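The structure file entry04.cif is reproduced below (mmCIF, C-alpha atoms and all ligand atoms).
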data_query
#
loop_
_atom_site.label_atom_id
_atom_site.label_comp_id
_atom_site.auth_asym_id
_atom_site.auth_seq_id
_atom_site.Cartn_x
_atom_site.Cartn_y
_atom_site.Cartn_z
CA MET A 26 104.60 -27.31 -6.79
CA ALA A 27 101.36 -26.39 -5.02
CA ASN A 28 101.45 -24.47 -1.78
CA GLN A 29 104.95 -23.06 -2.23
CA ILE A 30 106.03 -20.64 0.47
CA PRO A 31 106.00 -16.98 -0.45
CA SER A 32 109.68 -17.20 0.40
CA THR A 33 112.23 -14.57 -0.41
CA GLY A 34 115.19 -15.27 -2.63
CA GLU A 35 115.89 -18.31 -4.74
CA THR A 36 113.12 -20.85 -4.15
CA PRO A 37 113.46 -24.58 -4.79
CA VAL A 38 111.23 -25.95 -7.53
CA TYR A 39 109.65 -29.39 -7.86
CA GLU A 40 112.70 -30.78 -9.71
CA ASP A 41 114.94 -29.92 -6.74
CA TYR A 42 112.90 -32.22 -4.49
CA ALA A 43 112.32 -34.84 -7.19
CA ARG A 44 116.06 -35.31 -7.59
CA CYS A 45 115.81 -37.55 -4.54
CA VAL A 46 115.35 -41.08 -5.94
CA HIS A 47 114.93 -42.62 -2.47
CA CYS A 48 118.07 -44.76 -2.83
CA GLY A 49 118.93 -44.38 0.86
CA LEU A 50 122.67 -43.99 0.27
CA CYS A 51 122.64 -40.88 2.48
CA LEU A 52 121.14 -42.60 5.53
CA SER A 53 124.32 -43.89 7.15
CA HIS A 54 125.92 -40.46 6.62
CA CYS A 55 123.16 -38.62 8.45
CA PRO A 56 123.99 -38.00 12.15
CA THR A 57 120.34 -37.90 13.26
CA TYR A 58 119.48 -41.13 11.42
CA ARG A 59 122.55 -42.73 12.98
CA LEU A 60 121.28 -41.65 16.41
CA TRP A 61 117.63 -42.65 16.15
CA GLN A 62 117.28 -44.93 13.09
CA LEU A 63 114.05 -43.17 12.17
CA GLU A 64 113.12 -42.60 8.54
CA ALA A 65 111.43 -39.32 9.50
CA ASP A 66 114.79 -38.08 10.84
CA SER A 67 116.73 -39.05 7.72
CA PRO A 68 117.42 -36.83 4.69
CA ARG A 69 115.14 -38.98 2.50
CA GLY A 70 112.35 -38.91 5.08
CA ARG A 71 112.64 -35.17 5.60
CA ILE A 72 112.54 -34.46 1.85
CA ARG A 73 109.43 -36.63 1.56
CA GLN A 74 107.75 -34.67 4.36
CA MET A 75 108.69 -31.37 2.70
CA ILE A 76 107.11 -32.49 -0.57
CA LEU A 77 103.92 -33.59 1.17
CA VAL A 78 103.68 -30.30 3.10
CA ASN A 79 104.31 -28.30 -0.07
CA GLU A 80 101.57 -30.26 -1.84
CA GLY A 81 99.16 -29.77 1.05
CA GLN A 82 98.96 -33.53 1.72
CA LEU A 83 100.58 -33.23 5.14
CA ALA A 84 99.82 -30.58 7.73
CA LEU A 85 102.55 -28.25 8.86
CA SER A 86 102.25 -29.83 12.28
CA ASP A 87 104.31 -30.02 15.46
CA ARG A 88 105.68 -33.37 14.20
CA PHE A 89 106.89 -31.91 10.93
CA VAL A 90 108.51 -28.96 12.70
CA GLU A 91 110.20 -31.31 15.17
CA HIS A 92 111.77 -33.43 12.40
CA ILE A 93 112.97 -30.35 10.54
CA ASP A 94 114.26 -28.72 13.75
CA LYS A 95 116.20 -31.87 14.61
CA CYS A 96 118.14 -31.68 11.34
CA LEU A 97 121.63 -30.27 11.91
CA ASP A 98 121.76 -28.72 8.42
CA CYS A 99 125.22 -30.33 8.32
CA ARG A 100 124.75 -31.25 4.64
CA SER A 101 126.57 -34.56 5.04
CA CYS A 102 123.71 -36.03 2.99
CA GLU A 103 124.66 -33.76 0.06
CA THR A 104 128.16 -35.20 -0.05
CA ALA A 105 126.79 -38.75 0.04
CA CYS A 106 124.00 -38.23 -2.48
CA PRO A 107 124.74 -39.64 -5.97
CA SER A 108 121.73 -37.81 -7.36
CA GLY A 109 122.93 -34.28 -6.56
CA VAL A 110 120.20 -33.33 -4.10
CA GLU A 111 120.97 -29.85 -2.71
CA TYR A 112 119.55 -30.64 0.69
CA GLY A 113 120.79 -27.45 2.42
CA LYS A 114 118.68 -25.33 0.10
CA LEU A 115 115.62 -27.50 0.75
CA VAL A 116 115.87 -27.53 4.52
CA GLU A 117 116.45 -23.77 4.70
CA HIS A 118 113.27 -23.23 2.71
CA ALA A 119 111.35 -25.68 4.89
CA ARG A 120 112.49 -23.61 7.85
CA ALA A 121 111.49 -20.36 6.13
CA ARG A 122 108.07 -21.85 5.58
CA ILE A 123 107.84 -22.84 9.25
CA GLU A 124 108.92 -19.33 10.24
CA GLU A 125 106.11 -17.84 8.20
CA SER A 126 103.29 -20.28 8.86
CA TYR A 127 103.82 -21.96 12.21
CA LEU A 128 103.29 -20.46 15.64
CA ARG A 129 106.04 -21.59 17.98
CA PRO A 130 105.52 -21.33 21.76
CA TRP A 131 105.72 -17.76 23.05
CA PHE A 132 109.09 -18.09 24.78
CA THR A 133 110.73 -19.72 21.75
CA ARG A 134 109.37 -16.98 19.49
CA ALA A 135 110.59 -14.26 21.82
CA THR A 136 114.05 -15.83 22.11
CA ARG A 137 114.40 -16.37 18.36
CA ASN A 138 113.26 -12.82 17.67
CA PHE A 139 115.74 -11.44 20.20
CA VAL A 140 118.73 -13.47 18.94
CA PHE A 141 118.18 -13.25 15.18
CA ASN A 142 116.54 -9.83 14.82
CA LYS A 143 117.56 -7.77 17.83
CA LEU A 144 121.03 -9.04 18.80
CA LEU A 145 123.16 -10.55 16.02
CA PRO A 146 122.65 -7.76 13.45
CA PHE A 147 123.86 -5.08 15.91
CA PRO A 148 127.55 -5.01 16.95
CA SER A 149 126.86 -2.53 19.79
CA ARG A 150 124.32 -4.92 21.33
CA ILE A 151 126.64 -7.94 20.92
CA SER A 152 129.33 -5.90 22.64
CA ALA A 153 126.99 -4.91 25.52
CA ALA A 154 125.73 -8.48 26.00
CA ALA A 155 129.29 -9.82 25.93
CA THR A 156 130.40 -7.26 28.52
CA LEU A 157 127.65 -8.47 30.87
CA LEU A 158 128.52 -12.11 30.24
CA ARG A 159 132.20 -11.37 30.88
CA LEU A 160 131.24 -9.85 34.21
CA PHE A 161 129.34 -13.05 35.07
CA GLN A 162 132.32 -15.17 34.06
CA ARG A 163 135.03 -13.11 35.80
CA SER A 164 133.23 -11.88 38.94
CA GLY A 165 132.99 -15.29 40.56
CA LEU A 166 129.25 -15.53 39.84
CA GLN A 167 129.84 -18.29 37.29
CA ALA A 168 131.92 -20.32 39.74
CA LEU A 169 129.26 -19.74 42.40
CA ALA A 170 126.45 -20.84 40.07
CA ARG A 171 128.42 -23.96 39.13
CA GLY A 172 129.45 -24.74 42.70
CA THR A 173 125.99 -24.37 44.24
CA GLY A 174 124.34 -26.52 41.58
CA VAL A 175 121.76 -23.79 40.84
CA LEU A 176 122.36 -24.23 37.09
CA GLY A 177 121.50 -27.90 37.40
CA LEU A 178 118.27 -27.05 39.22
CA LEU A 179 117.32 -24.68 36.42
CA GLY A 180 118.19 -27.34 33.83
CA LEU A 181 120.95 -25.08 32.44
CA ALA A 182 124.08 -26.94 33.55
CA GLU A 183 124.93 -28.47 30.16
CA ARG A 184 124.06 -25.33 28.19
CA GLU A 185 126.21 -23.19 30.45
CA ARG A 186 129.21 -25.40 29.73
CA LEU A 187 128.78 -24.69 26.03
CA LEU A 188 128.96 -20.91 26.57
CA PRO A 189 132.03 -19.32 25.02
CA ARG A 190 134.55 -17.51 27.22
CA ILE A 191 134.32 -13.81 26.49
CA ASP A 192 137.55 -12.12 25.37
CA ASP A 193 139.36 -9.55 27.49
CA GLN A 194 139.61 -7.31 24.43
CA PHE A 195 137.09 -7.38 21.62
CA PHE A 196 138.11 -7.51 17.97
CA TYR A 197 135.84 -4.58 17.06
CA GLY A 198 138.81 -2.23 17.56
CA LYS A 199 140.51 -3.77 14.51
CA LEU A 200 137.64 -3.00 12.12
CA GLY A 201 138.66 -0.38 9.56
CA LYS A 202 142.38 -1.22 9.85
CA THR A 203 144.78 -2.62 7.26
CA PHE A 204 147.73 -4.86 8.12
CA ALA A 205 150.78 -4.79 5.86
CA ALA A 206 152.25 -7.89 4.27
CA VAL A 207 155.57 -9.08 5.63
CA GLY A 208 158.07 -8.91 2.76
CA GLU A 209 156.88 -8.80 -0.82
CA ARG A 210 153.10 -8.43 -1.16
CA ARG A 211 151.65 -11.52 -2.83
CA ALA A 212 147.95 -10.76 -2.37
CA ARG A 213 145.56 -8.17 -0.99
CA VAL A 214 142.72 -9.70 0.97
CA ALA A 215 139.84 -8.65 3.19
CA LEU A 216 138.99 -10.42 6.43
CA PHE A 217 135.43 -11.19 7.35
CA ALA A 218 135.52 -10.84 11.14
CA GLY A 219 132.21 -12.53 12.03
CA CYS A 220 129.71 -11.43 14.67
CA ILE A 221 130.07 -13.34 17.93
CA ALA A 222 133.69 -14.00 16.91
CA ASN A 223 134.42 -10.32 17.62
CA VAL A 224 133.85 -10.96 21.32
CA THR A 225 134.84 -14.61 21.70
CA PHE A 226 137.40 -15.34 18.98
CA SER A 227 139.45 -12.13 18.85
CA LYS A 228 142.63 -14.16 19.29
CA LEU A 229 141.71 -16.42 16.39
CA ASN A 230 141.10 -13.40 14.17
CA GLU A 231 144.43 -11.89 15.27
CA ALA A 232 146.23 -15.19 14.59
CA THR A 233 144.58 -15.28 11.15
CA ILE A 234 145.96 -11.81 10.37
CA ARG A 235 149.47 -12.78 11.58
CA VAL A 236 149.53 -15.95 9.48
CA LEU A 237 148.27 -14.15 6.40
CA THR A 238 150.66 -11.20 6.69
CA ALA A 239 153.58 -13.56 7.40
CA ASN A 240 152.75 -15.26 4.12
CA GLY A 241 152.81 -12.07 2.10
CA CYS A 242 149.17 -10.93 2.30
CA GLU A 243 148.05 -7.41 3.00
CA VAL A 244 144.94 -7.80 5.14
CA ALA A 245 142.18 -5.22 5.31
CA VAL A 246 139.40 -5.56 7.88
CA PRO A 247 136.63 -3.41 6.37
CA ASP A 248 134.49 -1.52 8.84
CA LEU A 249 130.68 -1.47 8.57
CA GLN A 250 130.76 -5.25 8.05
CA LEU A 251 128.14 -7.15 10.03
CA CYS A 252 127.10 -10.69 10.91
CA CYS A 253 126.97 -12.71 7.66
CA GLY A 254 123.43 -13.90 8.38
CA ALA A 255 124.27 -17.63 8.40
CA LEU A 256 122.54 -18.35 11.70
CA ALA A 257 119.42 -16.50 10.58
CA ALA A 258 119.39 -18.17 7.14
CA HIS A 259 119.83 -21.64 8.68
CA ALA A 260 116.95 -20.94 11.06
CA GLY A 261 114.66 -19.80 8.25
CA VAL A 262 114.76 -16.13 9.23
CA ARG A 263 115.40 -15.13 5.62
CA GLU A 264 114.49 -11.44 5.69
CA THR A 265 117.08 -10.78 8.40
CA ALA A 266 119.71 -12.76 6.48
CA ARG A 267 118.90 -10.77 3.33
CA GLY A 268 119.17 -7.46 5.16
CA LEU A 269 122.60 -8.42 6.53
CA ALA A 270 123.72 -9.58 3.09
CA ARG A 271 122.81 -6.19 1.59
CA LYS A 272 124.90 -4.38 4.21
CA ASN A 273 127.90 -6.70 3.79
CA ILE A 274 127.73 -6.36 0.00
CA ALA A 275 128.02 -2.58 0.50
CA ALA A 276 130.78 -2.86 3.14
CA PHE A 277 133.03 -5.15 1.09
CA GLY A 278 132.14 -3.55 -2.23
CA ARG A 279 133.83 -0.23 -1.37
CA ASP A 280 137.27 -1.61 -2.21
CA SER A 281 138.72 -4.33 -4.38
CA PHE A 282 140.42 -7.45 -3.06
CA ASP A 283 141.96 -10.61 -4.49
CA ALA A 284 139.77 -12.54 -2.07
CA ILE A 285 137.55 -12.08 0.97
CA LEU A 286 138.57 -14.54 3.66
CA THR A 287 136.85 -16.09 6.63
CA ASN A 288 138.13 -18.46 9.30
CA ALA A 289 134.57 -19.58 10.06
CA ALA A 290 133.34 -22.38 7.82
CA GLY A 291 129.71 -21.73 8.75
CA CYS A 292 129.98 -18.10 7.63
CA GLY A 293 131.96 -19.04 4.50
CA SER A 294 129.32 -21.47 3.38
CA THR A 295 126.57 -18.83 3.58
CA LEU A 296 128.76 -16.07 2.10
CA LYS A 297 129.60 -18.30 -0.87
CA GLU A 298 125.86 -18.73 -1.37
CA TYR A 299 124.79 -15.10 -0.93
CA ASP A 300 123.32 -15.25 -4.41
CA HIS A 301 120.78 -17.83 -3.12
CA LEU A 302 119.32 -15.17 -0.84
CA PHE A 303 118.14 -13.13 -3.85
CA SER A 304 116.18 -14.33 -6.84
CA ALA A 305 117.67 -13.67 -10.27
CA ASN A 306 115.34 -10.75 -10.98
CA GLU A 307 116.16 -8.86 -7.78
CA PRO A 308 118.58 -5.91 -8.10
CA GLU A 309 120.95 -7.29 -5.41
CA HIS A 310 121.48 -10.62 -7.19
CA ALA A 311 124.43 -9.56 -9.38
CA ALA A 312 126.35 -7.93 -6.51
CA ALA A 313 125.61 -10.91 -4.24
CA THR A 314 126.96 -13.27 -6.92
CA ALA A 315 130.09 -11.12 -7.31
CA LEU A 316 130.76 -11.08 -3.56
CA ALA A 317 130.09 -14.82 -3.27
CA GLY A 318 132.69 -15.45 -5.99
CA LYS A 319 135.38 -13.70 -3.91
CA ILE A 320 134.82 -15.64 -0.68
CA ARG A 321 137.44 -18.20 0.35
CA ASP A 322 137.96 -20.11 3.53
CA VAL A 323 141.30 -19.05 4.97
CA THR A 324 142.65 -22.64 4.76
CA GLU A 325 141.54 -22.94 1.15
CA PHE A 326 143.18 -19.63 0.28
CA LEU A 327 146.48 -20.33 2.07
CA ALA A 328 146.80 -23.82 0.63
CA GLY A 329 146.20 -22.38 -2.85
CA LEU A 330 148.61 -19.48 -2.36
CA GLY A 331 151.29 -21.70 -0.82
CA LEU A 332 153.01 -21.06 2.51
CA THR A 333 156.18 -18.99 2.30
CA ALA A 334 156.64 -18.10 5.97
CA LYS A 335 159.29 -20.07 7.76
CA LEU A 336 157.71 -22.57 10.12
CA LYS A 337 159.36 -23.98 13.19
CA SER A 338 158.84 -27.45 14.54
CA LEU A 339 155.72 -28.29 16.56
CA GLN A 340 156.19 -31.66 18.19
CA ALA A 341 152.59 -32.83 18.60
CA ARG A 342 150.25 -35.50 17.39
CA VAL A 343 147.28 -33.71 15.83
CA THR A 344 143.99 -34.95 14.48
CA TYR A 345 141.43 -33.00 12.46
CA GLN A 346 137.65 -32.75 12.73
CA ASP A 347 136.08 -31.64 9.45
CA SER A 348 133.75 -28.68 9.87
CA CYS A 349 130.51 -29.67 8.14
CA HIS A 350 130.14 -26.35 6.39
CA LEU A 351 133.69 -26.56 5.08
CA LEU A 352 133.59 -30.19 3.95
CA HIS A 353 129.95 -30.64 2.96
CA GLY A 354 128.93 -27.02 2.38
CA GLN A 355 132.06 -25.85 0.55
CA LYS A 356 133.61 -29.20 -0.50
CA VAL A 357 136.97 -28.23 1.01
CA ARG A 358 138.63 -31.35 2.39
CA GLU A 359 142.33 -31.34 1.56
CA ALA A 360 143.36 -27.73 2.26
CA PRO A 361 143.31 -27.88 6.08
CA ARG A 362 145.03 -31.27 6.06
CA GLN A 363 147.66 -29.96 3.64
CA LEU A 364 148.40 -27.00 5.95
CA LEU A 365 148.68 -29.22 9.01
CA ARG A 366 151.05 -31.58 7.22
CA ALA A 367 153.20 -28.59 6.24
CA ILE A 368 154.07 -27.90 9.88
CA PRO A 369 157.43 -29.53 10.66
CA GLY A 370 157.39 -32.06 13.49
CA LEU A 371 153.60 -32.28 13.55
CA GLU A 372 152.31 -35.84 13.35
CA PHE A 373 148.94 -35.85 11.60
CA VAL A 374 146.50 -38.66 12.30
CA GLU A 375 143.07 -39.00 10.73
CA LEU A 376 140.06 -38.94 13.03
CA PRO A 377 137.63 -41.79 12.28
CA TYR A 378 134.25 -40.36 11.22
CA SER A 379 135.70 -36.85 11.03
CA GLU A 380 133.08 -36.12 8.36
CA ILE A 381 130.23 -36.61 10.87
CA CYS A 382 129.01 -33.49 12.71
CA CYS A 383 130.26 -32.88 16.28
CA GLY A 384 126.81 -31.56 17.26
CA SER A 385 127.66 -27.86 17.19
CA ALA A 386 125.73 -26.88 14.04
CA GLY A 387 125.08 -23.18 14.65
CA VAL A 388 122.68 -22.95 17.59
CA TYR A 389 121.82 -26.69 17.51
CA ASN A 390 123.79 -27.40 20.69
CA VAL A 391 121.57 -24.87 22.47
CA THR A 392 118.21 -25.79 20.90
CA GLN A 393 118.75 -29.58 20.74
CA THR A 394 121.19 -30.01 23.60
CA ASP A 395 120.61 -33.73 24.26
CA ALA A 396 121.23 -34.76 20.64
CA ALA A 397 124.23 -32.43 20.42
CA LEU A 398 125.76 -33.99 23.54
CA GLU A 399 125.19 -37.52 22.23
CA LEU A 400 126.99 -36.67 19.02
CA LEU A 401 129.74 -35.00 21.01
CA ALA A 402 130.24 -38.06 23.23
CA GLU A 403 130.80 -40.26 20.16
CA LYS A 404 133.14 -37.65 18.69
CA MET A 405 135.26 -37.40 21.83
CA LYS A 406 135.50 -41.19 22.10
CA ASN A 407 136.93 -41.34 18.58
CA ALA A 408 139.18 -38.33 19.20
CA LYS A 409 140.61 -39.88 22.36
CA GLU A 410 141.38 -43.11 20.55
CA THR A 411 143.61 -41.29 18.04
CA GLY A 412 146.02 -40.51 20.90
CA ALA A 413 146.24 -36.95 19.54
CA ARG A 414 147.17 -34.19 21.97
CA VAL A 415 145.49 -31.58 19.77
CA ILE A 416 142.22 -31.64 17.85
CA ALA A 417 142.28 -29.16 14.99
CA THR A 418 139.24 -27.86 13.19
CA ALA A 419 138.25 -24.90 10.99
CA ASN A 420 135.18 -23.28 12.48
CA PRO A 421 134.57 -21.36 15.73
CA GLY A 422 131.34 -23.27 16.48
CA CYS A 423 133.20 -26.59 16.24
CA LEU A 424 135.99 -25.19 18.43
CA LEU A 425 133.48 -24.34 21.17
CA GLN A 426 131.73 -27.68 20.96
CA LEU A 427 134.94 -29.73 20.95
CA ARG A 428 136.45 -27.67 23.79
CA ALA A 429 133.33 -28.38 25.85
CA GLY A 430 133.69 -32.05 24.82
CA ALA A 431 137.31 -32.22 25.99
CA GLU A 432 136.23 -30.74 29.33
CA ILE A 433 133.08 -32.85 29.82
CA HIS A 434 134.83 -36.11 28.84
CA GLY A 435 138.16 -35.22 30.45
CA THR A 436 140.23 -36.11 27.40
CA GLY A 437 142.82 -33.44 28.22
CA GLN A 438 143.04 -32.52 24.53
CA GLU A 439 143.66 -29.02 23.30
CA VAL A 440 141.30 -27.83 20.57
CA LEU A 441 142.68 -25.33 18.05
CA HIS A 442 141.84 -23.82 14.69
CA VAL A 443 144.23 -24.89 11.90
CA VAL A 444 145.32 -21.25 11.64
CA GLU A 445 146.15 -21.13 15.36
CA LEU A 446 148.53 -24.06 14.89
CA LEU A 447 150.16 -22.30 11.94
CA ASP A 448 150.47 -19.17 14.07
CA ARG A 449 152.07 -21.15 16.86
CA ALA A 450 154.55 -22.61 14.39
CA LEU A 451 155.42 -19.06 13.25
CA LYS A 452 156.16 -17.96 16.74
CA GLU A 453 157.99 -20.92 18.28
S1 LIG B 1 121.21 -40.24 -1.32
FE1 LIG B 1 120.17 -38.57 -2.35
S2 LIG B 1 118.76 -39.56 -3.77
FE2 LIG B 1 119.38 -41.12 -2.31
S3 LIG B 1 117.80 -41.03 -0.69
FE3 LIG B 1 119.45 -39.68 -0.03
S4 LIG B 1 118.87 -37.65 -0.78
FE4 LIG B 1 117.59 -39.15 -1.88
S1 LIG B 2 121.70 -32.04 6.89
FE1 LIG B 2 122.74 -33.53 8.23
S2 LIG B 2 121.24 -33.98 9.86
FE2 LIG B 2 120.11 -32.97 8.20
S3 LIG B 2 119.32 -34.64 6.93
FE3 LIG B 2 121.30 -34.06 6.03
S4 LIG B 2 122.82 -35.39 6.98
FE4 LIG B 2 120.93 -35.50 8.24
#

Mind turning this structure into structure tokens?
Ligand code: SF4
Ligand code: SF4
Amino acid sequence: MANQIPSTGETPVYEDYARCVHCGLCLSHCPTYRLWQLEADSPRGRIRQMILVNEGQLALSDRFVEHIDKCLDCRSCETACPSGVEYGKLVEHARARIEESYLRPWFTRATRNFVFNKLLPFPSRISAAATLLRLFQRSGLQALARGTGVLGLLGLAERERLLPRIDDQFFYGKLGKTFAAVGERRARVALFAGCIANVTFSKLNEATIRVLTANGCEVAVPDLQLCCGALAAHAGVRETARGLARKNIAAFGRDSFDAILTNAAGCGSTLKEYDHLFSANEPEHAAATALAGKIRDVTEFLAGLGLTAKLKSLQARVTYQDSCHLLHGQKVREAPRQLLRAIPGLEFVELPYSEICCGSAGVYNVTQTDAALELLAEKMKNAKETGARVIATANPGCLLQLRAGAEIHGTGQEVLHVVELLDRALKE
């Protein structure tokens, strides 16, 4: 195809785009098409625009960038597509092309550069930023900013509500440690701890270790591991994602494990596709493929291994929101449901439209806040109607978004990771 981007890693070829036969079966599954009913904001319309830009028939204009930016990269269209279009691969390359050839406004460029290149790849900087944010949250400044309405005046009120609460103790202290299996060892696994999760989801990571060890897994948390690069890859910042992949390949390659586990569906989806970040003739490709083959979502792994820990009764009605990168990115649908149903006393109810994105989508809720909040409103309406006291999900980003949704819409529902419910059943 003419005008291909000088992109790094595996690059889509003409046949990848041409697989779209314009049938439109994906349209009703696309959250942005459902919101705006615009062809240009549908999977089919976006693929068409990508082809035209690649062929030089359409300028890489503000309009094109806007339609690509508005895509959640939720990959719901991949699940719906009968023709096997790998849309995630296409949109990530469209974004890489934008990154290379389009000049975003100065502030956006500076922010993207700071987040993707200067913050996320460096644990010490994440830790320092989180310490400052924790001070803001605990010192009364946050309450003051909310109470005086200053956030509203700055247009930051909604974004501030989506901010995660910073942990009292960061998970970084657990890196380099190994946790013994309870009873007979059934598997030896490594835990991928995430990046922001180290400062906002320490308790989830600790619960993951408890559930795994209680079910006979020895859990190592290799040090020197870094952010997986998912946020950078989804934003088109490929070189940063590739650099992080190289370091993680080295960190996890120093030992051998039955599987490498993550409790973050967004990370798992990218880790399982690490080989896409390197073309077949690059030296890292083989190691990236080997690492990708070891990655399992923690729910997928536990459901496959089978639960052996004794579970006590949890009397609660629970519904489940599919994480897009688990369902559509990794095609894991049954495992989390199977684990929830295994908890005695728990009444599982399906959430209508659970396969449609909640609006979290990496940094989408920050960059496209209005659309994210519209999707969230619909999600919370459906969640409330289930009568469930708990909404379970399998990805930290979805947890944050749904927790904000429960607060904004006053549903009074608790939002937990599937593993946190299992952990609670272990302890009660
Ligand atoms: S379902 Fe697949 S083939 Fe049909 S329009 Fe959508 S992307 Fe194209
Ligand atoms: S990834 Fe999601 S938002 Fe983007 S085109 Fe596909 S279904 Fe629509």

For this session: Determine the nearest neighbour of Thr238 (chain A) from the options A:Asp87, A:Glu432, A:Asp283, A:Asp448, counting only C-alpha atoms.
Result: A:Asp448

Seminar exercise, completed: CA of Arg88 (chain A) to CA of Thr394 (chain A) measures 18.4 Å

For this session: Would you work out the distance separating CA of Val343 (chain A) from CA of Cys51 (chain A), expressed in Å to one decimal?
Result: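 Result for CA of Val343 (chain A) versus CA of Cys51 (chain A): 28.9 Å, one decimal.
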
Exercise. Residues at most 7 Å from ligand LIG 2 (chain B), using all atoms listed in the file? Could they come as number ranges by chain?
Worked result: A: 54-58, 66-68, 71, 96-103, 112-113

For this session: Would you list the residues near (134.0, -31.7, -1.6), meaning any protein, DNA or RNA residue with an atom at most 12 Å from that point in file coordinates, counting all atoms listed in the file, as JSON, numbers by chain?
Result: {"A": [100, 101, 103, 104, 105, 106, 325, 347, 348, 349, 350, 351, 352, 353, 354, 355, 356, 357, 358, 359, 360, 380]}

I need region 74-79 of chain A from the structure I supplied, saved as a compact mmCIF listing (two decimals), in the first residue's frame with all heavy atoms retained.
# COMPACT_ATOMS: atom_id res chain seq x y z
N GLN A 74 -11.15 5.36 6.17
CA GLN A 74 -10.30 6.56 6.26
C GLN A 74 -8.82 6.19 6.33
O GLN A 74 -7.98 6.84 5.73
CB GLN A 74 -10.68 7.38 7.50
CG GLN A 74 -12.07 8.01 7.41
CD GLN A 74 -12.50 8.56 8.77
OE1 GLN A 74 -12.08 9.64 9.16
NE2 GLN A 74 -13.33 7.83 9.49
N MET A 75 -8.52 5.11 7.05
CA MET A 75 -7.10 4.68 7.14
C MET A 75 -6.57 4.32 5.75
O MET A 75 -5.45 4.69 5.38
CB MET A 75 -6.96 3.45 8.05
CG MET A 75 -7.21 3.70 9.52
SD MET A 75 -7.15 2.10 10.38
CE MET A 75 -8.15 2.44 11.81
N ILE A 76 -7.40 3.58 4.99
CA ILE A 76 -6.96 3.18 3.65
C ILE A 76 -6.70 4.42 2.80
O ILE A 76 -5.67 4.53 2.13
CB ILE A 76 -8.04 2.28 2.97
CG1 ILE A 76 -8.14 0.94 3.71
CG2 ILE A 76 -7.72 2.05 1.49
CD1 ILE A 76 -9.27 0.05 3.23
N LEU A 77 -7.64 5.36 2.84
CA LEU A 77 -7.50 6.55 2.00
C LEU A 77 -6.28 7.38 2.41
O LEU A 77 -5.56 7.89 1.54
CB LEU A 77 -8.78 7.42 2.10
CG LEU A 77 -10.03 6.80 1.45
CD1 LEU A 77 -11.25 7.65 1.71
CD2 LEU A 77 -9.84 6.58 -0.04
N VAL A 78 -6.01 7.46 3.71
CA VAL A 78 -4.81 8.19 4.16
C VAL A 78 -3.56 7.45 3.71
O VAL A 78 -2.61 8.04 3.19
CB VAL A 78 -4.84 8.40 5.70
CG1 VAL A 78 -3.48 8.86 6.22
CG2 VAL A 78 -5.91 9.43 6.07
N ASN A 79 -3.56 6.13 3.87
CA ASN A 79 -2.39 5.35 3.45
C ASN A 79 -2.12 5.51 1.95
O ASN A 79 -0.97 5.51 1.51
CB ASN A 79 -2.59 3.87 3.77
CG ASN A 79 -2.41 3.57 5.24
OD1 ASN A 79 -1.90 4.40 5.99
ND2 ASN A 79 -2.84 2.39 5.66
